[in-house]
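**Q** Handing over my_file.txt, compact mmCIF, C-alpha atoms.
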```txt
# COMPACT_ATOMS: atom_id res chain seq x y z
CA MET A 19 -28.22 47.02 -6.24
CA LYS A 20 -26.66 47.30 -9.66
CA PRO A 21 -23.80 49.81 -10.03
CA ARG A 22 -24.40 52.90 -12.13
CA LEU A 23 -22.06 55.51 -13.55
CA GLY A 24 -21.28 58.30 -11.11
CA ARG A 25 -22.33 61.83 -12.02
CA PRO A 26 -20.99 65.27 -10.97
CA SER A 27 -24.13 65.68 -8.87
CA ASP A 28 -23.02 62.72 -6.73
CA VAL A 29 -20.01 64.57 -5.35
CA GLU A 30 -21.48 65.42 -1.93
CA ALA A 31 -22.75 61.87 -1.41
CA VAL A 32 -19.45 60.32 -2.48
CA THR A 33 -17.51 62.71 -0.24
CA ASP A 34 -19.73 61.72 2.67
CA VAL A 35 -19.05 58.02 2.05
CA ILE A 36 -15.29 58.60 2.00
CA ILE A 37 -15.19 60.75 5.14
CA LYS A 38 -17.29 58.22 7.09
CA THR A 39 -15.53 55.11 5.77
CA MET A 40 -11.85 55.82 5.28
CA PRO A 41 -10.97 56.40 8.95
CA LEU A 42 -11.44 52.62 9.33
CA ASP A 43 -8.26 52.23 7.30
CA PRO A 44 -4.85 52.95 8.90
CA GLN A 45 -3.59 54.89 5.89
CA TRP A 46 -6.20 57.60 6.50
CA ASN A 47 -4.86 58.38 9.96
CA TYR A 48 -1.33 58.17 8.56
CA ARG A 49 -1.99 60.88 5.99
CA PHE A 50 -4.69 62.98 7.64
CA PRO A 51 -4.06 62.91 11.41
CA TYR A 52 -5.29 66.50 11.90
CA ARG A 53 -8.67 66.13 10.18
CA GLY A 54 -10.48 66.46 13.51
CA LYS A 55 -8.79 69.78 14.17
CA TYR A 56 -9.36 71.08 10.63
CA PRO A 57 -12.60 69.47 9.41
CA ASP A 58 -13.26 72.25 6.88
CA ASP A 59 -9.97 71.59 5.10
CA HIS A 60 -10.59 67.87 5.22
CA TYR A 61 -14.00 68.18 3.59
CA LYS A 62 -12.93 70.83 1.08
CA TYR A 63 -9.99 68.96 -0.41
CA THR A 64 -11.63 65.54 -0.26
CA LYS A 65 -14.59 66.94 -2.17
CA LEU A 66 -12.31 68.69 -4.66
CA LEU A 67 -10.59 65.40 -5.48
CA PHE A 68 -13.91 63.76 -6.25
CA GLN A 69 -15.06 66.69 -8.33
CA TYR A 70 -12.16 65.82 -10.62
CA PHE A 71 -12.87 62.10 -10.57
CA LEU A 72 -16.56 62.69 -11.41
CA ASP A 73 -15.91 65.32 -14.09
CA PRO A 74 -16.78 63.76 -17.49
CA SER A 75 -13.85 65.62 -19.05
CA TYR A 76 -11.52 63.58 -16.80
CA ASP A 77 -12.15 60.51 -18.91
CA ASP A 78 -9.10 58.63 -17.67
CA TRP A 79 -11.27 57.91 -14.64
CA THR A 80 -14.55 56.08 -14.12
CA VAL A 81 -16.57 56.29 -10.93
CA MET A 82 -19.26 53.69 -10.38
CA VAL A 83 -21.70 54.01 -7.49
CA VAL A 84 -24.18 51.76 -5.72
CA GLU A 85 -27.31 53.18 -4.09
CA ASP A 86 -29.36 51.91 -1.18
CA ILE A 87 -31.99 53.27 1.21
CA LEU A 88 -30.42 54.90 4.26
CA LYS A 89 -33.62 54.85 6.34
CA PRO A 90 -37.15 53.54 5.71
CA GLY A 91 -39.02 56.04 3.58
CA ASP A 92 -35.86 57.72 2.24
CA LYS A 93 -34.92 57.93 -1.40
CA LEU A 94 -32.01 55.94 -2.75
CA SER A 95 -28.61 57.37 -1.78
CA VAL A 96 -25.03 56.51 -2.68
CA VAL A 97 -23.65 54.08 -0.09
CA SER A 98 -20.73 52.53 -1.98
CA PHE A 99 -18.52 53.50 -4.89
CA GLY A 100 -15.35 52.64 -6.78
CA VAL A 101 -12.92 54.75 -8.76
CA TRP A 102 -11.00 53.12 -11.61
CA ASP A 103 -8.13 54.35 -13.71
CA VAL A 104 -9.33 53.53 -17.25
CA SER A 105 -6.63 55.50 -19.06
CA PHE A 106 -6.07 52.48 -21.32
CA ARG A 107 -8.75 53.99 -23.59
CA ASN A 108 -6.86 57.24 -24.18
CA LYS A 109 -3.57 55.36 -24.40
CA ARG A 110 -5.07 53.26 -27.19
CA ARG A 111 -6.30 56.40 -28.91
CA PHE A 112 -3.28 58.67 -28.54
CA GLY A 113 -0.40 56.23 -28.24
CA SER A 114 2.59 55.90 -25.95
CA ASP A 115 3.15 59.66 -25.65
CA TYR A 116 -0.21 60.17 -23.94
CA ARG A 117 0.09 61.79 -20.51
CA PRO A 118 -2.65 60.52 -18.15
CA GLN A 119 -4.75 62.93 -16.10
CA ASP A 120 -3.71 63.29 -12.46
CA PRO A 121 -6.48 64.58 -10.15
CA VAL A 122 -4.30 64.23 -7.04
CA THR A 123 -1.73 66.65 -8.49
CA ASP A 124 -4.54 68.95 -9.58
CA VAL A 125 -5.79 69.13 -5.99
CA GLU A 126 -2.24 69.86 -4.81
CA GLU A 127 -2.00 72.71 -7.28
CA HIS A 128 -5.32 74.20 -6.11
CA GLY A 129 -4.48 74.57 -2.43
CA GLY A 130 -3.83 70.98 -1.38
CA LYS A 131 -0.17 71.64 -0.65
CA THR A 132 -1.19 73.83 2.30
CA ARG A 133 -4.13 71.79 3.62
CA ARG A 134 -3.96 71.72 7.40
CA ASP A 135 -5.55 68.31 7.98
CA ALA A 136 -2.60 66.41 6.47
CA ASN A 137 0.81 65.27 7.60
CA HIS A 138 2.47 66.35 4.36
CA GLU A 139 5.60 64.29 4.88
CA HIS A 140 3.48 61.16 5.23
CA PHE A 141 1.19 62.24 2.41
CA ASN A 142 4.08 62.66 -0.02
CA GLU A 143 5.78 59.41 0.99
CA PHE A 144 2.47 57.60 0.57
CA TRP A 145 2.31 58.62 -3.09
CA ARG A 146 6.00 58.06 -3.75
CA GLY A 147 5.75 54.58 -2.26
CA GLN A 148 2.74 53.68 -4.36
CA ILE A 149 4.40 54.94 -7.52
CA ARG A 150 7.42 52.77 -6.78
CA ALA A 151 5.20 49.76 -6.13
CA TYR A 152 3.20 50.33 -9.31
CA LYS A 153 6.36 50.49 -11.40
CA ARG A 154 7.65 47.32 -9.79
CA PHE A 155 4.55 45.15 -9.91
CA PHE A 156 2.26 46.48 -12.64
CA ALA A 157 4.05 48.75 -15.12
CA PRO A 158 5.79 45.82 -16.91
CA ILE A 159 2.35 44.56 -17.96
CA GLY A 160 1.82 47.64 -20.11
CA PRO A 161 -1.19 49.93 -20.61
CA GLU A 162 -3.79 47.22 -21.24
CA GLN A 163 -5.09 47.12 -17.67
CA ILE A 164 -7.26 49.06 -15.25
CA HIS A 165 -6.29 50.12 -11.75
CA LEU A 166 -8.65 50.27 -8.81
CA GLN A 167 -7.91 53.57 -7.11
CA ILE A 168 -10.55 53.73 -4.38
CA LEU A 169 -13.34 51.44 -3.17
CA ALA A 170 -15.41 52.29 -0.12
CA THR A 171 -18.75 51.39 1.45
CA LEU A 172 -20.51 53.13 4.31
CA PRO A 173 -19.95 51.12 7.51
CA ASP A 174 -23.67 50.44 8.03
CA PHE A 175 -23.95 49.03 4.49
CA GLN A 176 -20.99 46.70 4.46
CA ARG A 177 -21.42 42.95 4.00
CA ARG A 178 -24.39 43.45 1.68
CA GLY A 179 -22.59 42.74 -1.59
CA HIS A 180 -22.13 46.34 -2.72
CA ALA A 181 -18.34 46.23 -2.99
CA THR A 182 -18.55 42.84 -4.69
CA SER A 183 -20.92 44.21 -7.32
CA LEU A 184 -18.51 47.07 -8.03
CA CYS A 185 -15.57 44.70 -8.41
CA ARG A 186 -17.56 42.44 -10.70
CA TRP A 187 -18.41 45.44 -12.87
CA ALA A 188 -14.67 45.95 -13.33
CA MET A 189 -14.09 42.26 -14.01
CA ASP A 190 -16.70 42.37 -16.76
CA LEU A 191 -15.02 45.45 -18.23
CA VAL A 192 -11.67 43.65 -18.32
CA ARG A 193 -13.23 40.76 -20.24
CA ARG A 194 -15.16 42.99 -22.65
CA GLU A 195 -12.12 45.11 -23.46
CA ASN A 196 -9.72 42.14 -23.63
CA LEU A 197 -7.51 43.72 -20.97
CA LYS A 198 -4.79 41.89 -19.10
CA ASP A 199 -5.71 42.59 -15.51
CA ILE A 200 -7.10 44.74 -12.71
CA SER A 201 -4.42 46.00 -10.33
CA VAL A 202 -4.89 47.35 -6.82
CA MET A 203 -2.80 48.42 -3.84
CA ALA A 204 -4.81 46.72 -1.11
CA SER A 205 -5.00 47.61 2.54
CA PRO A 206 -5.42 44.74 5.02
CA MET A 207 -9.14 45.54 5.16
CA GLY A 208 -9.61 44.88 1.45
CA ALA A 209 -7.34 41.90 0.94
CA ASP A 210 -9.90 39.32 2.11
CA LEU A 211 -12.47 40.50 -0.41
CA TYR A 212 -9.93 40.49 -3.21
CA ASN A 213 -8.71 37.03 -2.33
CA TRP A 214 -12.25 35.72 -2.39
CA LEU A 215 -12.86 37.31 -5.78
CA GLY A 216 -9.81 35.62 -7.26
CA PHE A 217 -7.14 38.30 -7.03
CA ASP A 218 -3.55 37.11 -6.67
CA THR A 219 -1.02 38.77 -4.36
CA CYS A 220 2.00 40.03 -6.29
CA GLY A 221 3.94 41.25 -3.29
CA THR A 222 4.03 43.27 -0.09
CA PHE A 223 5.38 46.79 0.13
CA TYR A 224 5.74 49.41 2.83
CA ILE A 225 5.12 53.12 3.14
CA GLN A 226 7.61 54.63 5.58
CA VAL A 227 9.32 57.98 5.94
CA PRO A 228 13.08 57.41 6.36
CA GLY A 229 14.05 57.57 10.02
CA GLU A 230 10.54 56.87 11.35
CA GLU A 231 9.26 53.68 12.96
CA GLU A 232 5.66 54.19 11.82
CA ARG A 233 4.84 52.54 8.52
CA LEU A 234 1.99 51.17 6.42
CA THR A 235 1.88 47.67 4.99
CA LEU A 236 0.06 47.21 1.67
CA GLN A 237 -0.44 44.37 -0.78
CA ALA A 238 0.00 44.70 -4.53
CA MET A 239 -2.77 42.49 -5.93
CA MET A 240 -3.93 41.57 -9.41
CA TYR A 241 -6.98 40.00 -11.04
CA LYS A 242 -6.44 38.31 -14.37
CA PRO A 243 -9.53 37.32 -16.38
CA LYS A 244 -10.17 33.62 -16.56
CA LEU A 245 -12.74 31.42 -18.22
CA MET A 246 -16.24 31.90 -16.88
CA LYS A 247 -16.14 31.03 -13.21
CA ARG A 248 -19.00 30.64 -10.80
CA PHE A 249 -18.73 32.38 -7.45
CA MET A 250 -20.65 31.15 -4.43
CA MET A 251 -22.27 33.97 -2.52
CA VAL A 252 -20.67 34.28 0.91
CA PRO A 253 -20.56 37.17 3.36
CA GLU A 254 -18.05 39.68 2.06
CA VAL A 255 -15.53 41.90 3.74
CA ASP A 256 -16.14 45.15 1.95
CA ALA A 257 -14.93 48.11 3.92
CA VAL A 258 -12.10 50.02 2.29
CA CYS A 259 -10.48 48.15 -0.54
CA ARG A 260 -8.24 50.77 -2.02
CA LEU A 261 -6.58 53.98 -1.16
CA MET A 262 -6.79 57.54 -2.28
```
Is it possible to give me this structure as structure tokens?

**A**
Amino acid sequence: MKPRLGRPSDVEAVTDVIIKTMPLDPQWNYRFPYRGKYPDDHYKYTKLLFQYFLDPSYDDWTVMVVEDILKPGDKLSVVSFGVWDVSFRNKRRFGSDYRPQDPVTDVEEHGGKTRRDANHEHFNEFWRGQIRAYKRFFAPIGPEQIHLQILATLPDFQRRGHATSLCRWAMDLVRRENLKDISVMASPMGADLYNWLGFDTCGTFYIQVPGEEERLTLQAMMYKPKLMKRFMMVPEVDAVCRLM
């Protein structure tokens, strides 16, 4: 299926994909260990985040979705999607003083700071660690890049090429816009797909609250556009490729 632009009306479907897919990734349990006890909070604030991402006025972000048929006789439904930071457009328009939109902070300011499904110490360290990693590995490149924020496919629809099609959409965008790269903070589940698609590993970094033994291991990865390259179709690993 060919990716299409996500719409505000897709928010319930996208939220459903995230809630069913992300528990496969260790970072979800790390940040939201109490989601089973507080499912209403988990759904509410996950949906709120995607309302921002899908809002056309939040044009620093692009959500692309892929549809498929859940059951014979059903209509097409969203089964896979990706969220990209495309703030390079507004940075080109408004210059170096432009302040990018931040949906995660917006959720925090609309009740997210008190959500009961989260371990807030882990949640905050997760974002601090990613900010540090971004500054180290990607910020020196400058604004002419896009960042893959989230990529997820329903478990029953993995290995069908949906995540690959979403990544290739981004690769085409990089070439059309003459950008320098796509960056991503990859979980172990996504690294195989990225490697196959031609991403390079820039380095490994860890998310860990000081004094704790528990930690997350992530890979900073980058795709730089090359001359036209043919990819052989092989079974993909396309579960969770990026983190919220």

**Q** So how far away is atom CA of Met82 of chain A from atom CA of Val202 of chain A, in Å?

**A**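 Spanning atom CA of Val202 of chain A to atom CA of Met82 of chain A is a straight-line distance of 16.1 Å.
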
**Q** Go ahead and compute the interatomic distance for atom CA of Ser114 of chain A and atom CA of Asp218 of chain A, in Å to one decimal.

**A**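 We find that atom CA of Ser114 of chain A and atom CA of Asp218 of chain A lie 27.6 Å from each other.
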
**Q** Using all atoms listed in the file, which of A:Asn108, A:Leu166, A:Ala204, A:Arg49 sits nearest Val227 of chain A?

**A** A:Arg49

**Q** Please, what distance in Å, to one decimal, runs between atom CA of Asn137 of chain A and atom CA of Pro51 of chain A?

**A**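 These atoms are spaced 6.6 Å apart.
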
**Q** Box time for segment 60-74 of chain A: axis-aligned, enclosing all its listed atoms, 4 Å extra on each side; report centre and edge lengths in Å to one decimal, as AutoDock Vina command-line options.

**A**
```
--center_x -13.4 --center_y 66.5 --center_z -6.1 --size_x 14.8 --size_y 16.7 --size_z 30.7
```

**Q** Let me make sure I understand: among A:Met240, A:Trp46, A:Ala151, A:Asp174, which one has the smallest atom-to-atom distance to Ile87 of chain A if we use only C-alpha atoms?

**A**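 Looking at the shortest contact to Ile87 of chain A, the residue is A:Asp174.
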
**Q** Nearest residue to Met19 of chain A out of A:Thr39, A:Ser205, A:Ser95, A:Thr132, using only C-alpha atoms?

**A**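 Using only C-alpha atoms, the shortest distance to Met19 of chain A belongs to A:Ser95.
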
**Q** So that I can check the surroundings of Ala238 of chain A, please list as an MDAnalysis selection string every protein, DNA and RNA residue that reaches within 9 Å of it, counting all atoms listed in the file and ignoring chain neighbours fewer than 5 positions away.

**A** chainID A and resid 151:152 155:156 201:204 218:223

**Q** Rank A:Glu85, A:Glu30, A:Asp78, A:Asp92 by their smallest atom-to-atom distance to Thr64 of chain A, using only C-alpha atoms, and report the top residue only.

**A**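 Of all the options, A:Glu30 lies closest to Thr64 of chain A.
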
**Q** Determine the nearest neighbour of Leu42 of chain A from the options A:Met207, A:Tyr61, A:Glu232, A:Gly130, counting only C-alpha atoms.

**A** A:Met207

**Q** When you look at Leu234 of chain A with a cut-off of 7 Å (counting all atoms listed in the file), what residues show up, excluding the ones that are within fewer than 6 positions of it in the same chain? I need them as a list in words.

**A**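 In the requested format, the answer is Gln45, Tyr224, Ile225 and Gln226 of chain A.
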
**Q** Looking at A:Gly100, A:Pro243, A:Pro57, A:Pro121, which one is nearest to Ile168 of chain A, with distances taken over all atoms listed in the file?

**A**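 The shortest atom-to-atom distance to Ile168 of chain A comes from A:Gly100.
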
**Q** Name the residues within 12 Å of (-12.0, 65.8, -7.7), counting all atoms listed in the file in the file's coordinates, and put them as a count of residues only.

**A** 38
